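Have a look at the structure below before the remarks.
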Amino acid sequence: MTEKKLNLKRSIQPLATRDYRLLFAAVGIEVFGTGVWTIVMVFQVIALNDSPLALSAVATGMSLGLFAFSIFGGVVADRFSKRCIIITVQGCTAGMMSTVAVLSLTGTIDLWHVAIASFAMGAGSAFFYPAYSSYLPQVLPPEQLLAANGLEGALRPTLGQGLGPALGGIVVGMFFPAIGAVIVAVSYTVAFIITLFLSHREGLTNSAAPEGRTSLWGDLRAGVSYVVGTRWLLWTLIFGSSLALIIQGPIEVLLPFLTRARFDDAEATFGFLLAAYGIGGAAGSLAVSSLRLPRRYLTFMIACWGGGTVPLVAIGIADDLIVMLAALFIVGAATGAGVVIWGTLLQRLVPLDMIGRVASLDFFVSIAFMPVSIAIAGPLSLLLPVPVIFVVAGMIPPLLALIALTAGRMRQAETEHPLDAP
């Protein structure tokens, strides 16, 4: 019982810090608003132009904004005040969403307004999260970063994939998209107001900045050189991007068809399966945050990502719903646990003045491979049966994990950089 209390205390310890409480609240409200927006955007587009093509074009806007500015956002985060970037992004997004809400309420909204709003939200995320990742080590001591990343890892699926879309669907169903847009605008406005109370920490930022910076391009090249020259970092990015390429498409594109072929109520079943995946991610994040950082932290992280895909084999060969739910829960939990470790290592092993660029490079690589995986999943299903694709997707990552562990010299890096040793 005592150990459980200690684990719980460790997992919520970051909340004792004022600035982290503010950040946590702002991010939570923002994630909730984004979850509501995913529903509002869909039905606002349908109300304006009932066409799958229109919806696809507008939905792509958020990914385009994220993709276009993901690298640049990291460079900006390493050059300027993280606090100012966080406040500016939240303020601009609140202003954009408030404009959309007014246009929708007055009936003057057009399709291009929704498209610009989605693009702006994606661009804002590209600037916000590198700045957030860089600001967090200035707010918390190193030993609390794991717990903080775990709390955030649990927050996203709970609010962004669960409560936000659920409430958005209820509101839009009962009223109309404009009311949902108002909720989004209010959410971002509240998050913006909260960030105004963050403490000024410019001294840490300035002291960490290297001398001789000349240009944004020079900063970007320095960031890429650092990643390429750091073996554990480079091979983790290679492995992580390969993982996104292998599993994202089957889960997002092929799972609905597999569900439809096996179950009568395919829509509800698919929703339950996605919920199991999201709940698993939250559970894995919280579980890791309540523990100490493992001594073999890189090995543990790669093992979570590589071994965590094995249950996808069960998705391919089992037609029992309970087995499929359990399999996706485990995949989500292992993925969430690995992501928490990864975010913590970026904040603890990467130099403070380089965190933004490394985080944005990670962001860029991840989002670059996700649409590729989604794009090739459909054509691949014409060549191979869908169950076979899931079996292959579950078996390849463990092999790639072994390659990453060896090529990245993970054990050597763990020995040279011990963290939280007893």
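Labels used: A, B, ... for chains in the order of the structure tokens, numbers from 1 for residues in each chain, and numbers from 1 for ligands as shown.
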
DSSP on the backbone: what in stretch 44-228 of chain A comes out alpha helix (DSSP H), as a PyMOL selection string? chain A and resi 44-48+52-79+82-105+111-139+145-155+164-174+177-195+202-208+216-228

Within 10 Å of stretch 45-57 of chain A, counting only C-alpha atoms, which residues show up once you throw out same-chain ones fewer than 4 positions away? Write them as a ChimeraX atom specification, please. /A:40-41,61-62,109-112,114-115,176-177

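Restricting the calculation to only C-alpha atoms, the smallest distance between A:Ile194 and any of A:Leu163, A:Ile86, A:Leu321, A:Val36 is found for A:Ile86.
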
Do you know which residues are at most 10 Å from A:Leu254 counting only C-alpha atoms, after dropping those on the same chain fewer than 4 positions away, and could you put them as a list in words? Gln248, Gly249, Pro250, Leu258, Thr259, Ile374, Ala377, Gly378, Leu380, Ser381, Val386, Pro387, Ile389 and Phe390 of chain A

Using only C-alpha atoms, the residue out of A:Arg79, A:Leu140, A:Ala178, A:Val228 with shortest distance to A:Thr108 is A:Ala178

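Between A:Gln13 and the candidates A:Val365, A:Ala147, A:Leu66, A:Leu405, the tightest atom-to-atom separation, counting only C-alpha atoms, involves A:Ala147.
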
Neighbouring residues of A:Ala185 were defined as those with any atom within 6 Å, considering only C-alpha atoms; residues of the same chain fewer than 2 positions away were excluded. Please report them as a PyMOL selection string. chain A and resi 94+97-98+182-183+187-188

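The gap separating atom CA of A:Leu298 from atom CA of A:Trp342 is 8.3 Å, in Å to one decimal.
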
Write out as a PyMOL selection string the residues lying within 12 Å of A:Arg18, counting only C-alpha atoms and excluding same-chain residues fewer than 5 positions away. chain A and resi 13+23-25+139-140+194-195+197-199

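When only C-alpha atoms are used to measure the gap to A:Ala181, the shortest distance among A:Gly281, A:Pro311, A:Pro130, A:Gly168 belongs to A:Gly168.
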
How far is it from atom CA of A:Thr269 to atom CA of A:Val323, in Å with one decimal? 12.7 Å

So that each row is one residue of stretch 304-395 of chain A with an atom at most 9 Å from stretch 220-223 of chain A, can you give its shortest atom pair and the distance in Å to one decimal, using only C-alpha atoms, rows by chain and rising number, as a tab-separated table?
residue	atom	partner	partner_atom	distance
A:Met354	CA	A:Gly223	CA	6.6
A:Ile355	CA	A:Gly223	CA	8.9
A:Arg357	CA	A:Gly223	CA	5.7
A:Val358	CA	A:Gly223	CA	6.4
A:Leu361	CA	A:Gly223	CA	8.4

Counting only C-alpha atoms, what is within 12 Å of A:Thr93, bar same-chain residues fewer than 4 positions away, as a PyMOL selection string? chain A and resi 30+33-34+86-89+97-100+116-125+127-128+184-192

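For the pair atom CA of A:Asp362 and atom CA of A:Ser81, the interatomic distance is 20.9 Å.
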
Determine, counting only C-alpha atoms, which protein, DNA and RNA residues have an atom within 12 Å of an atom of A:Ala283; residues of the same chain fewer than 3 positions away are not included. Present the result as a PyMOL selection string. chain A and resi 150-158+276-280+286-290+329-337+340

Rank A:Leu159, A:Val75, A:Ala148, A:Ile317 by their smallest atom-to-atom distance to A:Gly218, using only C-alpha atoms, and report the top residue only. A:Val75

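Candidate residues A:Phe43, A:Val58, A:Val392, A:Ala131 were compared for distance to A:Phe175, and the nearest is A:Phe43, using only C-alpha atoms.
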